[in-house]
>>> print(open('protein21.cif').read())   # mmCIF, C-alpha atoms
data_input
#
loop_
_atom_site.label_atom_id
_atom_site.label_comp_id
_atom_site.auth_asym_id
_atom_site.auth_seq_id
_atom_site.Cartn_x
_atom_site.Cartn_y
_atom_site.Cartn_z
CA MET A 270 0.00 0.00 0.00
CA GLU A 271 1.40 3.36 -1.01
CA LYS A 272 0.60 6.81 0.39
CA ILE A 273 -0.59 9.45 -2.06
CA ASN A 274 0.06 13.17 -1.56
CA SER A 275 -2.24 14.69 -4.19
CA LEU A 276 -4.57 13.93 -7.07
CA GLN A 277 -1.70 14.53 -9.50
CA ASP A 278 0.48 12.07 -7.55
CA PHE A 279 -2.31 9.47 -7.73
CA LEU A 280 -2.96 10.02 -11.45
CA SER A 281 0.72 9.74 -12.35
CA LYS A 282 1.24 6.56 -10.28
CA SER A 283 -1.95 4.91 -11.60
CA ASN A 284 -1.51 5.98 -15.23
CA GLY A 285 -1.77 2.98 -17.55
CA VAL A 286 -2.84 0.57 -14.79
CA GLU A 287 -6.11 -1.24 -15.57
CA ILE A 288 -7.44 -1.47 -11.98
CA VAL A 289 -6.30 0.52 -8.96
CA TYR A 290 -7.67 0.99 -5.47
CA ILE A 291 -7.44 3.92 -3.12
CA LEU A 292 -8.59 4.19 0.46
CA LEU A 293 -9.72 7.67 1.41
CA TYR A 294 -9.79 8.11 5.16
CA LYS A 295 -9.43 10.68 7.92
CA SER A 296 -6.93 9.67 10.56
CA GLY A 297 -7.91 9.78 14.19
CA SER A 298 -11.37 8.21 14.18
CA ALA A 299 -12.04 4.60 15.14
CA LEU A 300 -14.05 3.84 11.98
CA ASN A 301 -11.37 5.27 9.67
CA ASP A 302 -8.53 3.57 11.56
CA CYS A 303 -10.47 0.28 11.33
CA ALA A 304 -10.78 0.65 7.54
CA LEU A 305 -7.10 1.58 7.18
CA ASN A 306 -5.98 -1.46 9.19
CA SER A 307 -8.29 -3.84 7.29
CA VAL A 308 -7.17 -2.56 3.87
CA LYS A 309 -3.48 -2.72 4.88
CA GLU A 310 -3.92 -6.33 5.99
CA ALA A 311 -5.79 -7.17 2.78
CA ALA A 312 -3.04 -5.51 0.70
CA GLU A 313 -0.46 -7.80 2.32
CA LYS A 314 -2.45 -10.84 1.15
CA ILE A 315 -2.82 -9.75 -2.48
CA LYS A 316 0.12 -9.32 -4.82
CA ASN A 317 0.36 -7.44 -8.13
CA VAL A 318 -2.48 -5.02 -7.35
CA SER A 319 -2.02 -1.26 -6.98
CA ILE A 320 -3.50 -0.11 -3.66
CA PHE A 321 -3.07 3.46 -2.44
CA GLU A 322 -4.09 5.41 0.64
CA ALA A 323 -4.82 9.09 1.15
CA ASP A 324 -5.64 10.89 4.39
CA VAL A 325 -8.21 13.56 3.43
CA THR A 326 -6.96 15.72 6.29
CA HIS A 327 -3.86 16.40 4.16
CA VAL A 328 -4.89 15.37 0.63
CA ARG A 329 -7.88 17.50 -0.26
CA ASP A 330 -8.20 17.15 -4.03
CA ILE A 331 -8.89 13.43 -4.57
CA HIS A 332 -12.32 13.07 -2.93
CA PRO A 333 -13.89 16.00 -4.84
CA HIS A 334 -12.44 14.62 -8.10
CA PHE A 335 -14.31 11.31 -7.58
CA GLN A 336 -17.31 13.03 -5.90
CA ILE A 337 -16.78 11.25 -2.57
CA ASP A 338 -18.55 12.93 0.34
CA SER A 339 -17.82 10.56 3.23
CA VAL A 340 -14.87 8.59 4.53
CA PRO A 341 -13.68 5.96 4.91
CA SER A 342 -14.26 5.04 1.28
CA PHE A 343 -12.38 2.32 -0.59
CA LEU A 344 -12.51 3.17 -4.28
CA GLU A 345 -12.13 0.72 -7.16
CA ILE A 346 -10.98 2.58 -10.26
CA GLN A 347 -10.85 0.91 -13.67
CA LYS A 348 -9.22 2.69 -16.58
CA GLY A 349 -9.44 5.98 -14.66
CA LYS A 350 -13.15 5.68 -13.86
CA LEU A 351 -14.68 5.02 -10.45
CA VAL A 352 -16.61 1.74 -10.63
CA ASN A 353 -17.11 0.86 -6.93
CA ASN A 354 -17.10 2.72 -3.64
CA TYR A 355 -17.03 0.54 -0.55
CA LYS A 356 -17.94 2.79 2.38
CA GLY A 357 -17.19 2.30 6.06
CA CYS A 358 -14.99 -0.29 7.67
CA ASN A 359 -15.25 -3.80 6.29
CA THR A 360 -13.46 -7.01 7.19
CA VAL A 361 -10.11 -7.98 5.70
CA ASN A 362 -11.81 -10.82 3.82
CA PHE A 363 -14.38 -8.42 2.36
CA TYR A 364 -11.61 -6.30 0.81
CA VAL A 365 -9.69 -9.36 -0.39
CA ASN A 366 -12.84 -10.78 -2.03
CA ALA A 367 -13.75 -7.46 -3.67
CA ILE A 368 -10.25 -7.05 -5.11
CA GLU A 369 -9.90 -10.65 -6.27
CA LYS A 370 -13.31 -10.58 -7.97
CA ALA A 371 -12.48 -7.35 -9.83
CA VAL A 372 -9.08 -8.66 -10.92
CA TYR A 373 -10.66 -11.93 -12.08
CA ASN A 374 -13.33 -10.07 -14.08
CA ALA A 375 -10.70 -7.83 -15.69
CA GLN A 376 -8.56 -10.80 -16.72
CA HIS A 377 -11.47 -12.87 -18.04
CA PRO A 378 -13.61 -10.99 -20.54
CA ASP A 379 -16.31 -13.68 -20.43
CA ALA A 380 -16.67 -13.32 -16.64
CA LYS A 381 -19.81 -11.73 -15.24
CA PRO A 382 -19.45 -8.01 -14.54
CA ALA A 383 -19.23 -6.92 -10.91
CA HIS A 384 -22.40 -5.45 -9.49
CA ARG A 385 -22.66 -2.37 -7.29
CA VAL A 386 -24.49 -3.54 -4.17
CA THR A 387 -25.33 -1.37 -1.17
CA VAL A 388 -27.25 -2.70 1.83
CA TYR A 389 -29.09 -0.23 4.07
CA SER A 390 -29.41 -1.85 7.48
CA THR A 391 -29.39 -1.48 11.25
CA PRO A 392 -27.45 -3.59 13.76
CA SER A 393 -30.62 -4.86 15.49
CA CYS A 394 -32.34 -6.02 12.28
CA SER A 395 -32.29 -9.82 12.00
CA TRP A 396 -33.28 -9.82 8.30
CA CYS A 397 -30.43 -7.38 7.61
CA ASN A 398 -27.97 -9.81 9.16
CA THR A 399 -29.50 -12.71 7.21
CA LEU A 400 -29.19 -10.74 3.95
CA LYS A 401 -25.56 -9.79 4.61
CA ALA A 402 -24.70 -13.38 5.55
CA TYR A 403 -26.30 -14.53 2.27
CA PHE A 404 -24.19 -12.06 0.25
CA LYS A 405 -21.04 -13.24 2.02
CA GLN A 406 -21.97 -16.87 1.35
CA GLN A 407 -22.49 -16.03 -2.35
CA ASN A 408 -19.24 -13.97 -2.47
CA VAL A 409 -21.14 -10.84 -3.43
CA PRO A 410 -19.16 -7.73 -2.39
CA PHE A 411 -21.40 -5.08 -0.89
CA THR A 412 -21.30 -1.83 0.99
CA ASP A 413 -23.16 -1.84 4.29
CA ILE A 414 -24.65 1.46 5.45
CA ASP A 415 -25.99 1.56 9.01
CA VAL A 416 -28.94 3.95 8.68
CA SER A 417 -29.26 4.18 12.47
CA ARG A 418 -25.94 6.07 12.45
CA ASN A 419 -26.12 7.80 9.07
CA GLN A 420 -29.13 10.14 9.00
CA GLN A 421 -28.36 11.43 5.50
CA ALA A 422 -28.31 7.88 4.09
CA ALA A 423 -31.55 7.07 5.96
CA GLN A 424 -33.28 10.08 4.42
CA GLU A 425 -32.01 9.19 0.94
CA MET A 426 -33.22 5.59 1.38
CA VAL A 427 -36.73 6.75 2.40
CA ARG A 428 -36.79 9.30 -0.43
CA ARG A 429 -35.98 6.61 -3.00
CA SER A 430 -38.23 3.81 -1.73
CA GLY A 431 -40.90 5.64 0.25
CA GLN A 432 -40.31 3.16 3.08
CA GLN A 433 -38.39 3.28 6.36
CA GLY A 434 -38.03 -0.47 6.89
CA VAL A 435 -34.74 -2.29 6.49
CA PRO A 436 -33.08 -4.09 4.91
CA GLN A 437 -33.13 -2.29 1.61
CA THR A 438 -30.64 -3.21 -1.09
CA ASP A 439 -29.48 -1.09 -4.01
CA ILE A 440 -28.30 -3.37 -6.82
CA ASP A 441 -26.93 -1.37 -9.74
CA GLY A 442 -29.48 1.38 -9.05
CA THR A 443 -32.50 -0.89 -8.47
CA LEU A 444 -33.83 -0.81 -4.91
CA VAL A 445 -35.09 -4.04 -3.31
CA VAL A 446 -37.04 -3.66 -0.06
CA GLY A 447 -36.70 -6.56 2.40
CA PHE A 448 -34.92 -9.85 1.80
CA ASP A 449 -36.58 -10.76 -1.50
CA LYS A 450 -34.21 -13.60 -2.39
CA THR A 451 -35.78 -14.34 -5.79
CA ARG A 452 -35.56 -10.73 -6.95
CA ILE A 453 -32.02 -10.32 -5.55
CA ASN A 454 -30.88 -13.50 -7.29
CA ASN A 455 -32.40 -12.33 -10.58
CA LEU A 456 -30.70 -8.92 -10.36
CA LEU A 457 -27.33 -10.47 -9.49
CA GLY A 458 -27.61 -13.43 -11.85
CA LEU A 459 -27.40 -15.94 -8.99
CA LYS A 460 -29.00 -19.38 -9.06
#
>>> encode(input="protein21.cif", output="structure tokens")
Amino acid sequence: MEKINSLQDFLSKSNGVEIVYILLYKSGSALNDCALNSVKEAAEKIKNVSIFEADVTHVRDIHPHFQIDSVPSFLEIQKGKLVNNYKGCNTVNFYVNAIEKAVYNAQHPDAKPAHRVTVYSTPSCSWCNTLKAYFKQQNVPFTDIDVSRNQQAAQEMVRRSGQQGVPQTDIDGTLVVGFDKTRINNLLGLK
């Protein structure tokens, strides 16, 4: 994992690389430190992948460039374009799986494209935990947003679906309310 000092530094170091990753974080908070530690540990397990880090306290031009408004955010960038934004702190295995799946898809043109999956949940919701366990079992990378802690995300979720209940899952822009396994499988191409 390599530290980046500016957007120009990032662009020059990632120029010509098919897939790169960058963790945007703000040092000093438990959530951001958790993400930094998990990504560093994941980076040690994966070879031949460009993974960068930037502390937004000091590097202030990368997050506006990619229109990122919250940290920690782990960005997957393919051919210079942002394709995935994994928010919050995730497990080491989550990051390893997300990276390996993207690298596999890039190397195999007949592989299924990666989906952008965001789960809106709360810690006390049993169906939320069941849904997230299902995604992990199916090796589906997803971003988990705890709407009990993120009021802005909660408002956006209600605005889009008209409902307050969780879980809600955004799959490539399509919102699924509840754990509708059939619909989720259809959207993700799972059997």
>>> atom_distance(input="protein21.cif", atom1="atom CA of A:Val340", atom2="atom CA of A:Asn362")
19.7 Å
>>> resolve_selection(input="protein21.cif", expression="the PyMOL selection byres ((chain A and resi 321-328) around 12)", output="PyMOL selection string")
chain A and resi 270-280+282-283+288-298+301-302+304-306+308-309+312+318-320+329-334+337-346
>>> closest_residue(input="protein21.cif", among="A:Ser430, A:Tyr364, A:Asn353, A:Phe404", to="A:Leu459", atoms="all atoms listed in the file")
A:Phe404
>>> closest_residue(input="protein21.cif", among="A:Ile414, A:Ala367, A:Leu456, A:Cys394", to="A:Gly434", atoms="only C-alpha atoms")
A:Cys394
>>> closest_residue(input="protein21.cif", among="A:Gln347, A:Thr391, A:Thr360, A:Thr451", to="A:Gln420", atoms="only C-alpha atoms")
A:Thr391
